[in-house]
Amino acid sequence: MNGKVYLVGAGPGDPELLTLKALRILRQADAVLHDDLVSPQILSHAPKKARIYDVGKRCGQKSTRQEAIHFLMIELARQGLQVVRLKGGDPLVFGRAGEEIQALREADIEFEVVPGVTSVLAAAAAAEISLTMRATASSLLIMTGRFADDRPLPDLRSLVASGTTIALYMPGPDAHMTVRKLAAAGLTLQTPVALVARASTPGQQMILTTLKELPEISMQAKPSILIIGDVVRLSQPDRLRLETLYGQPIPLPAPTHRKERDVWGTLQAVNHE
Ligand code: SAH
């Protein structure tokens with residue numbers, strides 16, 4: 001009889017952000033196929049006898065082909081094994097789970113998706129930024145910085161103006177290029193951004209700045225994510241523990257939105273009491 005494949009989210013890094021369900025399934029695994037972003041601590045929950053395969057993909061480096069992952073997953077399940085396909089964050093957010101689901105369906109292998117905490121949530125928690133805010137931020141756009149050249153970006157100016165916070169996954173190694181593309185999509189260079197690397201791990205780093213200043217910042221830690229939009233002003237760098245800050249936070253320009261200025265002012269006042 002065929003085994004079953006579990007597409008499991010391992011969360012953003014902190015092993016405590018693994019769900020109880022993910023932990024239970026991992027503990028019962030016969031085989032684990034994991035991404036680069038999954039830490040050894042999390043993998044240590046798999047049984048000693050489980051077969052562990054690192055099938056991670058690194059941008060620009062040697063990596064496992066997607067078809068090889070499908071083949072391995074399906075073969076192991078056909079041997080009757082309980083297979084855990086373990087992915088950083090949530091499997092359905094930039095995790096190529098769509099292709100894996102398709103391959104499993106075609107092979108007629110039973111599977112189940114187990115959600116995980118996606119990285120923008122850990123980044124926002126670290127920076128103490130609410131991604132939505134009553135009256136100012138009413139939606140969250142999850143997008144990738146690996147912009148496909150032939151596909152136009154949405155009009156970001158009207159989105160941000162109407163209260164959308166943007167979570168930019170995979171912002172890319174060339175910040176100049178990222179900023180150029182975001183500006184071409186309509187974002188003003190004064191837009192506040194939080195760059196958070198290795199969110200929820202001991203190596204977490206972050207910087208609050210504006211799109212304009214972003215290319216001047218050298219932040220080597222990876223992986224990183226960008227939170228873009230007015231809600232970034234809600235972060236208070238002086239309240240965050242120092243080791244989470246890299247370099248000097250760059251002062252944000254004064255908020256323009258009247259209502260938000262009030263909120264910002266109140267928070268600052270509370271902080272100084
Ligand atoms: N499925 C994952 C995303 C995979 S794409 C999720 O739901 O989070 C890989 C991108 O995720 C990275 O380039 C980075 O932008 C982001 N990422 C993953 N882990 C991260 C972390 N701990 N801190 C900051 N960004 C992270």
# chains A, B, ... in the order shown; residues from 1 in each chain; ligands from 1
call {"tool": "residues_near_ligand", "arguments": {"ligand": "ligand 1", "cutoff": "9 Å", "atoms": "only C-alpha atoms and all ligand atoms", "output": "VMD selection string"}}
result
chain A and resid 9 to 14 37 to 38 87 to 96 116 to 123 144 to 145 167 to 172 195 to 201 204 to 205 222 to 226
call {"tool": "select_by_dssp", "arguments": {"residues": "stretch 31-261 of chain A", "states": "strand (DSSP E or B)", "output": "ChimeraX atom specification"}}
result
/A:31-34,51-54,83-87,89,110-114,133,137,139-144,164-169,192-197,205-210,224-228,245
call {"tool": "closest_residue", "arguments": {"among": "A:Arg134, A:Ile74, A:Arg85, A:Leu104", "to": "A:Tyr53", "atoms": "only C-alpha atoms"}}
result
A:Arg85
call {"tool": "closest_residue", "arguments": {"among": "A:Val32, A:Ala22, A:Val232, A:Val193", "to": "A:Leu131", "atoms": "only C-alpha atoms"}}
result
A:Val232
call {"tool": "select_by_dssp", "arguments": {"residues": "stretch 124-255 of chain A", "states": "alpha helix (DSSP H)", "output": "mmCIF file with C-alpha atoms, in the first residue's frame"}}
result
data_model
loop_
_atom_site.group_PDB
_atom_site.id
_atom_site.type_symbol
_atom_site.label_atom_id
_atom_site.label_comp_id
_atom_site.auth_asym_id
_atom_site.auth_seq_id
_atom_site.Cartn_x
_atom_site.Cartn_y
_atom_site.Cartn_z
ATOM 1 C CA ALA A 124 6.244 41.875 11.633
ATOM 2 C CA ALA A 125 6.312 40.410 15.140
ATOM 3 C CA ALA A 126 10.033 41.135 15.457
ATOM 4 C CA ALA A 127 9.583 44.731 14.324
ATOM 5 C CA LEU A 156 1.501 49.778 -6.234
ATOM 6 C CA ARG A 157 0.945 53.514 -5.852
ATOM 7 C CA SER A 158 -2.818 53.201 -5.658
ATOM 8 C CA LEU A 159 -2.554 50.086 -3.499
ATOM 9 C CA VAL A 160 -0.338 51.743 -0.895
ATOM 10 C CA ALA A 161 -2.361 54.966 -1.041
ATOM 11 C CA ALA A 175 18.656 46.532 -3.762
ATOM 12 C CA HIS A 176 19.133 49.229 -6.438
ATOM 13 C CA MET A 177 17.252 47.088 -8.919
ATOM 14 C CA THR A 178 14.509 46.215 -6.404
ATOM 15 C CA VAL A 179 13.970 49.877 -5.571
ATOM 16 C CA ARG A 180 13.985 50.833 -9.258
ATOM 17 C CA LYS A 181 11.290 48.269 -10.029
ATOM 18 C CA LEU A 182 9.159 49.234 -7.047
ATOM 19 C CA ALA A 183 9.486 52.902 -8.003
ATOM 20 C CA ALA A 184 8.520 52.079 -11.589
#
call {"tool": "atom_distance", "arguments": {"atom1": "atom CA of A:Ser138", "atom2": "atom CA of A:Val231"}}
result
10.5 Å
call {"tool": "residues_around", "arguments": {"residues": "A:Gly229", "least_positions_apart": "5", "cutoff": "12 Å", "atoms": "only C-alpha atoms", "output": "short mmCIF file (atom, residue, chain, number, x, y, z; two decimals) with all heavy atoms, in the first residue's frame"}}
result
data_model
loop_
_atom_site.label_atom_id
_atom_site.label_comp_id
_atom_site.auth_asym_id
_atom_site.auth_seq_id
_atom_site.Cartn_x
_atom_site.Cartn_y
_atom_site.Cartn_z
N ILE A 129 5.31 45.50 14.29
CA ILE A 129 4.49 46.23 13.32
C ILE A 129 3.19 45.46 13.11
O ILE A 129 3.23 44.26 12.81
CB ILE A 129 5.22 46.31 11.95
CG1 ILE A 129 6.48 47.16 12.05
CG2 ILE A 129 4.30 46.84 10.87
CD1 ILE A 129 7.37 47.07 10.80
N SER A 130 2.07 46.14 13.28
CA SER A 130 0.80 45.51 12.92
C SER A 130 0.63 45.66 11.41
O SER A 130 0.69 46.77 10.89
CB SER A 130 -0.33 46.21 13.67
OG SER A 130 -1.56 45.66 13.26
N LEU A 131 0.43 44.56 10.73
CA LEU A 131 0.38 44.62 9.26
C LEU A 131 -0.90 45.26 8.76
O LEU A 131 -0.96 45.79 7.66
CB LEU A 131 0.54 43.20 8.68
CG LEU A 131 1.92 42.58 8.95
CD1 LEU A 131 1.90 41.09 8.67
CD2 LEU A 131 2.99 43.27 8.12
N THR A 132 -1.93 45.18 9.57
CA THR A 132 -3.16 45.90 9.26
C THR A 132 -3.41 46.84 10.43
O THR A 132 -2.99 46.56 11.55
CB THR A 132 -4.36 44.95 9.12
OG1 THR A 132 -4.50 44.22 10.33
CG2 THR A 132 -4.17 43.97 7.98
N MET A 133 -4.06 47.94 10.16
CA MET A 133 -4.34 48.93 11.21
C MET A 133 -5.70 49.52 10.89
O MET A 133 -5.91 49.97 9.76
CB MET A 133 -3.34 50.09 11.14
CG MET A 133 -2.07 49.93 11.91
SD MET A 133 -2.34 49.84 13.67
CE MET A 133 -2.47 51.55 14.14
N THR A 136 -5.98 52.86 8.77
CA THR A 136 -4.86 53.20 7.87
C THR A 136 -4.41 52.06 6.95
O THR A 136 -4.01 52.30 5.82
CB THR A 136 -3.63 53.71 8.64
OG1 THR A 136 -3.29 52.75 9.64
CG2 THR A 136 -3.86 55.05 9.26
N ALA A 137 -4.43 50.84 7.42
CA ALA A 137 -3.95 49.74 6.57
C ALA A 137 -4.98 48.62 6.57
O ALA A 137 -5.16 47.94 7.58
CB ALA A 137 -2.60 49.23 7.07
N SER A 138 -5.65 48.46 5.45
CA SER A 138 -6.78 47.54 5.44
C SER A 138 -6.51 46.27 4.65
O SER A 138 -7.36 45.39 4.56
CB SER A 138 -8.01 48.24 4.87
OG SER A 138 -7.67 48.79 3.62
N SER A 139 -5.33 46.17 4.02
CA SER A 139 -5.05 44.93 3.29
C SER A 139 -3.56 44.64 3.29
O SER A 139 -2.73 45.52 3.53
CB SER A 139 -5.59 45.01 1.85
OG SER A 139 -5.11 46.17 1.22
N LEU A 140 -3.24 43.39 3.01
CA LEU A 140 -1.84 42.95 2.99
C LEU A 140 -1.59 42.26 1.66
O LEU A 140 -2.31 41.33 1.28
CB LEU A 140 -1.61 41.96 4.14
CG LEU A 140 -0.26 41.24 4.15
CD1 LEU A 140 0.89 42.23 4.38
CD2 LEU A 140 -0.23 40.16 5.24
N LEU A 141 -0.58 42.73 0.94
CA LEU A 141 -0.23 42.13 -0.35
C LEU A 141 1.05 41.34 -0.18
O LEU A 141 2.08 41.88 0.25
CB LEU A 141 -0.03 43.23 -1.40
CG LEU A 141 0.52 42.80 -2.76
CD1 LEU A 141 -0.49 41.95 -3.50
CD2 LEU A 141 0.88 44.02 -3.60
N LEU A 156 1.28 49.76 -7.68
CA LEU A 156 1.50 49.78 -6.23
C LEU A 156 1.15 51.12 -5.61
O LEU A 156 0.80 51.20 -4.44
CB LEU A 156 2.96 49.41 -5.93
CG LEU A 156 3.37 48.01 -6.40
CD1 LEU A 156 4.84 47.75 -6.11
CD2 LEU A 156 2.52 46.93 -5.74
N ARG A 157 1.23 52.19 -6.43
CA ARG A 157 0.95 53.51 -5.85
C ARG A 157 -0.47 53.56 -5.29
O ARG A 157 -0.69 53.93 -4.15
CB ARG A 157 1.10 54.61 -6.92
CG ARG A 157 0.98 56.03 -6.34
CD ARG A 157 0.73 57.04 -7.44
NE ARG A 157 1.61 56.82 -8.57
CZ ARG A 157 2.76 57.48 -8.79
NH1 ARG A 157 3.15 58.40 -7.97
NH2 ARG A 157 3.50 57.20 -9.85
N SER A 158 -1.44 53.11 -6.13
CA SER A 158 -2.82 53.20 -5.66
C SER A 158 -3.07 52.20 -4.53
O SER A 158 -3.85 52.46 -3.62
CB SER A 158 -3.80 53.00 -6.81
OG SER A 158 -3.60 51.73 -7.36
N LEU A 159 -2.37 51.07 -4.57
CA LEU A 159 -2.55 50.09 -3.50
C LEU A 159 -2.09 50.66 -2.16
O LEU A 159 -2.80 50.60 -1.16
CB LEU A 159 -1.78 48.81 -3.81
CG LEU A 159 -2.43 47.85 -4.81
CD1 LEU A 159 -1.53 46.65 -5.07
CD2 LEU A 159 -3.77 47.38 -4.27
N VAL A 160 -0.87 51.21 -2.16
CA VAL A 160 -0.34 51.74 -0.90
C VAL A 160 -1.17 52.94 -0.43
O VAL A 160 -1.49 53.07 0.75
CB VAL A 160 1.16 52.10 -1.03
CG1 VAL A 160 1.65 52.90 0.17
CG2 VAL A 160 1.98 50.81 -1.16
N ALA A 161 -1.56 53.79 -1.40
CA ALA A 161 -2.36 54.97 -1.04
C ALA A 161 -3.69 54.54 -0.43
O ALA A 161 -4.24 55.22 0.43
CB ALA A 161 -2.58 55.85 -2.27
N SER A 162 -4.21 53.40 -0.88
CA SER A 162 -5.51 52.99 -0.34
C SER A 162 -5.35 52.08 0.88
O SER A 162 -6.30 51.42 1.30
CB SER A 162 -6.33 52.30 -1.44
OG SER A 162 -5.67 51.12 -1.84
N GLY A 163 -4.15 52.02 1.42
CA GLY A 163 -3.96 51.33 2.70
C GLY A 163 -3.57 49.87 2.58
O GLY A 163 -4.07 49.03 3.32
N THR A 164 -2.68 49.58 1.64
CA THR A 164 -2.19 48.20 1.52
C THR A 164 -0.76 48.13 2.05
O THR A 164 0.08 48.95 1.69
CB THR A 164 -2.21 47.74 0.04
OG1 THR A 164 -3.56 47.73 -0.40
CG2 THR A 164 -1.63 46.35 -0.12
N THR A 165 -0.50 47.17 2.91
CA THR A 165 0.87 46.89 3.34
C THR A 165 1.41 45.83 2.39
O THR A 165 0.70 44.89 2.05
CB THR A 165 0.86 46.32 4.77
OG1 THR A 165 0.20 47.27 5.62
CG2 THR A 165 2.27 46.08 5.28
N ILE A 166 2.67 46.00 1.98
CA ILE A 166 3.26 45.01 1.06
C ILE A 166 4.30 44.18 1.80
O ILE A 166 5.17 44.72 2.48
CB ILE A 166 3.93 45.71 -0.15
CG1 ILE A 166 2.91 46.54 -0.92
CG2 ILE A 166 4.59 44.69 -1.07
CD1 ILE A 166 3.51 47.38 -2.03
N ALA A 167 4.20 42.87 1.66
CA ALA A 167 5.25 41.97 2.16
C ALA A 167 6.01 41.49 0.93
O ALA A 167 5.46 40.78 0.10
CB ALA A 167 4.62 40.79 2.88
N LEU A 168 7.26 41.93 0.80
CA LEU A 168 8.05 41.55 -0.37
C LEU A 168 9.01 40.43 0.01
O LEU A 168 10.03 40.64 0.66
CB LEU A 168 8.84 42.75 -0.91
CG LEU A 168 9.47 42.52 -2.27
CD1 LEU A 168 8.42 42.57 -3.37
CD2 LEU A 168 10.57 43.52 -2.56
N LEU A 187 5.68 53.29 -6.42
CA LEU A 187 5.93 53.63 -5.01
C LEU A 187 6.83 54.87 -4.93
O LEU A 187 7.79 55.00 -5.68
CB LEU A 187 6.64 52.47 -4.29
CG LEU A 187 5.81 51.23 -4.02
CD1 LEU A 187 6.57 50.29 -3.10
CD2 LEU A 187 4.47 51.59 -3.38
N THR A 188 6.54 55.75 -4.00
CA THR A 188 7.41 56.91 -3.86
C THR A 188 8.63 56.49 -3.03
O THR A 188 8.55 55.57 -2.20
CB THR A 188 6.72 58.09 -3.14
OG1 THR A 188 6.62 57.74 -1.76
CG2 THR A 188 5.35 58.38 -3.70
N LEU A 189 9.73 57.19 -3.24
CA LEU A 189 10.97 56.81 -2.55
C LEU A 189 10.90 57.08 -1.05
O LEU A 189 11.71 56.58 -0.29
CB LEU A 189 12.16 57.54 -3.18
CG LEU A 189 12.46 57.07 -4.61
CD1 LEU A 189 13.62 57.85 -5.20
CD2 LEU A 189 12.77 55.57 -4.65
N GLN A 190 9.92 57.87 -0.65
CA GLN A 190 9.78 58.15 0.80
C GLN A 190 9.02 57.05 1.54
O GLN A 190 8.85 57.10 2.75
CB GLN A 190 9.04 59.48 1.01
CG GLN A 190 9.77 60.69 0.46
CD GLN A 190 11.25 60.68 0.86
OE1 GLN A 190 11.58 60.47 2.03
NE2 GLN A 190 12.13 60.86 -0.11
N THR A 191 8.56 56.04 0.81
CA THR A 191 7.77 54.97 1.46
C THR A 191 8.62 54.28 2.53
O THR A 191 9.74 53.85 2.26
CB THR A 191 7.34 53.92 0.41
OG1 THR A 191 6.73 54.61 -0.68
CG2 THR A 191 6.36 52.92 1.00
N PRO A 192 8.10 54.18 3.76
CA PRO A 192 8.86 53.50 4.81
C PRO A 192 8.95 51.99 4.57
O PRO A 192 7.98 51.38 4.10
CB PRO A 192 8.04 53.76 6.09
CG PRO A 192 6.97 54.72 5.72
CD PRO A 192 6.82 54.70 4.24
N VAL A 193 10.11 51.43 4.87
CA VAL A 193 10.28 49.98 4.73
C VAL A 193 11.00 49.42 5.96
O VAL A 193 11.83 50.09 6.57
CB VAL A 193 11.09 49.58 3.47
CG1 VAL A 193 10.40 50.03 2.20
CG2 VAL A 193 12.51 50.11 3.50
N ALA A 194 10.67 48.19 6.29
CA ALA A 194 11.43 47.46 7.32
C ALA A 194 12.06 46.26 6.61
O ALA A 194 11.36 45.50 5.96
CB ALA A 194 10.49 46.99 8.43
N LEU A 195 13.37 46.17 6.73
CA LEU A 195 14.08 45.02 6.17
C LEU A 195 14.41 44.11 7.35
O LEU A 195 15.11 44.52 8.28
CB LEU A 195 15.36 45.49 5.47
CG LEU A 195 16.27 44.41 4.88
CD1 LEU A 195 15.57 43.66 3.76
CD2 LEU A 195 17.56 45.04 4.33
N LEU A 208 15.06 49.85 9.85
CA LEU A 208 13.90 50.62 9.40
C LEU A 208 14.42 51.76 8.56
O LEU A 208 15.32 52.47 8.99
CB LEU A 208 13.14 51.18 10.60
CG LEU A 208 12.72 50.17 11.66
CD1 LEU A 208 12.11 50.89 12.85
CD2 LEU A 208 11.74 49.17 11.07
N THR A 209 13.88 51.94 7.40
CA THR A 209 14.39 52.99 6.55
C THR A 209 13.32 53.38 5.52
O THR A 209 12.14 53.12 5.73
CB THR A 209 15.72 52.55 5.90
OG1 THR A 209 16.25 53.61 5.14
CG2 THR A 209 15.56 51.33 5.01
N THR A 210 13.76 54.03 4.46
CA THR A 210 12.84 54.35 3.37
C THR A 210 13.35 53.66 2.10
O THR A 210 14.52 53.25 2.05
CB THR A 210 12.79 55.86 3.10
OG1 THR A 210 14.12 56.27 2.78
CG2 THR A 210 12.26 56.63 4.28
N LEU A 211 12.51 53.58 1.11
CA LEU A 211 12.95 52.95 -0.15
C LEU A 211 14.19 53.64 -0.69
O LEU A 211 15.11 53.01 -1.18
CB LEU A 211 11.84 53.06 -1.20
CG LEU A 211 10.84 51.92 -1.32
CD1 LEU A 211 9.96 52.15 -2.53
CD2 LEU A 211 11.54 50.57 -1.40
N LEU A 234 4.99 52.34 12.72
CA LEU A 234 4.56 51.89 14.05
C LEU A 234 5.68 51.24 14.83
O LEU A 234 5.58 51.04 16.04
CB LEU A 234 3.40 50.90 13.92
CG LEU A 234 2.13 51.51 13.35
CD1 LEU A 234 1.14 50.42 13.00
CD2 LEU A 234 1.54 52.48 14.36
N SER A 235 6.74 50.87 14.16
CA SER A 235 7.85 50.24 14.86
C SER A 235 8.61 51.31 15.64
O SER A 235 8.75 52.44 15.18
CB SER A 235 8.78 49.57 13.86
OG SER A 235 9.71 48.78 14.54
N LEU A 252 12.78 58.12 10.09
CA LEU A 252 11.75 58.13 9.06
C LEU A 252 11.27 59.55 8.85
O LEU A 252 11.26 60.35 9.77
CB LEU A 252 10.57 57.28 9.51
CG LEU A 252 10.85 55.80 9.66
CD1 LEU A 252 9.70 55.11 10.37
CD2 LEU A 252 11.06 55.18 8.29
N PRO A 255 5.30 61.54 9.21
CA PRO A 255 4.12 60.97 8.54
C PRO A 255 3.27 62.06 7.91
O PRO A 255 3.22 63.18 8.42
CB PRO A 255 3.36 60.29 9.67
CG PRO A 255 4.23 60.30 10.86
CD PRO A 255 5.30 61.32 10.65
#
